[in-house]
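Structure, as structure tokens:
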Amino acid sequence: MTAATPTPADGHALDARDLYRFFRAGEEETLALRGVSLHVGRGETVAVIGPSGSGKSTLLACLAGLDEPAGGTVHVGGERISHRPESARARLRARHIGVMTQSGNLVAHLSVRDNIRLARGAAPGRSTQPVGELLERTGLDRRGHALPRELSGGELARAGLAVALANDPDVLLADEPTGELDGSTERKVLDLLRARAGTSRGVLLVTHSREAVRIADRVIGLHDGRIRA
């Protein structure tokens with residue numbers, strides 16, 4: 001008798017099990033992830049912390065379907081995103097995942113409003129929320145026609161969040177979302193992230209910020225590619 005294939009737990013926006021990822025350079029092999037398992041429930045905010053080189057960015061890329069784990073599985077919104085062709089991962093990512101990265105997720109020559117429209121083009125019909133309402137929720141109702149270079153640091157962070165939320169994703173993955181913000185702007189962005197979890201969606205933050213850790217329902221420590229007990 002063969003064992004049944006495990007399925008993602010009910011109520012989880014994201015479920016990752018036994019993730020392994022290694023990188024090879026010549027004869028050297030680096031294990032970036034070593035059997036990492038985690039989940040994010042709907043309505044839950046989870047913070048992942050750890051020193052530089054602990055595997056946080058690799059983990060985020062695997063959870064988002066931007067990279068493939070060598071072993072293990074990732075389910076988002078009840079669908080498996082890992083170990084599928086890139087075209088399938090991109091389609092699932094557009095429908096189920098919002099990604100906020102340090103390098104930004106805005107196209108430089110498009111306005112904030114048009115960046116949101118571009119994101120929505122990848123998953124037509126996924127969200128029925130008017131663009132103007134999304135801009136208002138993120139405090140950018142008067143900046144929708146601005147280009148990224150015309151925005152302040154805080155506005156850029158909120159614009160990146162608006163684009164990440166364009167398709168009403170099941171889970172929001174954010175890489176250091178407040179890394180370069182002053183205290184008051186950081187709190188505004190974190191309030192928006194918490195409000196997102198309040199809509200029965202999942203939020204996972206990779207962060208070094210103490211303020212970001214304080215808003216989390218759970219904190220996961222990562223060290224040398226393993227979850228630290």
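Just so we're on the same page: first chain in the structure tokens is A, next is B, and so on; residues restart at 1 for each chain, and ligands are numbered from 1 in the order they show up.
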
*Write out as an MDAnalysis selection string each polymer residue whose atoms come within 7 Å of stretch 188-201 of chain A, counting only C-alpha atoms; drop sequence neighbours fewer than 3 positions from it.*
chainID A and resid 13 42:45 158 170:171 184:185 212

*Just asking: which residues within stretch 48-142 of chain A are strand (DSSP E) according to DSSP, as an MDAnalysis selection string?*
chainID A and resid 48:49 71:76 79:80 97:100

*Quick one: DSSP helix (DSSP H, G or I) residues in stretch 12-219 of chain A, as a VMD selection string?*
chain A and resid 56 to 63 86 to 96 112 to 121 131 to 137 148 to 150 153 to 164 183 to 197 210 to 214

*atom CA of A:Pro130 and atom CA of A:Gly160 are how many Å apart?*
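Rounded to one decimal, the two atoms are 17.0 Å apart.
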
*asked:* Rounded to one decimal, what separation in Å do you get between atom CA of A:His96 and atom CA of A:Ala108?
replied: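 Atom CA of A:Ala108 lies 24.2 Å from atom CA of A:His96.
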
*Pick the closest to A:Leu151 from A:Ala70, A:Val112, A:Tyr20, A:Glu211: which is it, counting only C-alpha atoms?*
A:Val112

_Which residues are close to A:Pro177, i.e. within 10 Å by only C-alpha atoms, leaving aside same-chain residues fewer than 3 positions away? Reply as a list in words._
Met100, Thr101, Gln102, Gly104, Ala157, Arg158, Gly160, Leu161, Leu173, Ala174, Glu180, Leu181, Glu186, Val189, Leu190, Leu193, Leu205, Val206, Thr207, His208, Ser209 and Ala212 of chain A

*For A:Val48, which residue out of A:Val219, A:Arg228, A:Gly144, A:Ala64 is the nearest one, using only C-alpha atoms?*
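For A:Val48, the nearest of the candidates is A:Val219.
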
*Please provide the set of residues having any atom within 6 Å of A:Val76, restricted to only C-alpha atoms, with same-chain residues fewer than 2 positions apart removed, written as a list in words.*
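Answer for this query is Ala13, Leu14, Gly78 and Glu79 of chain A.
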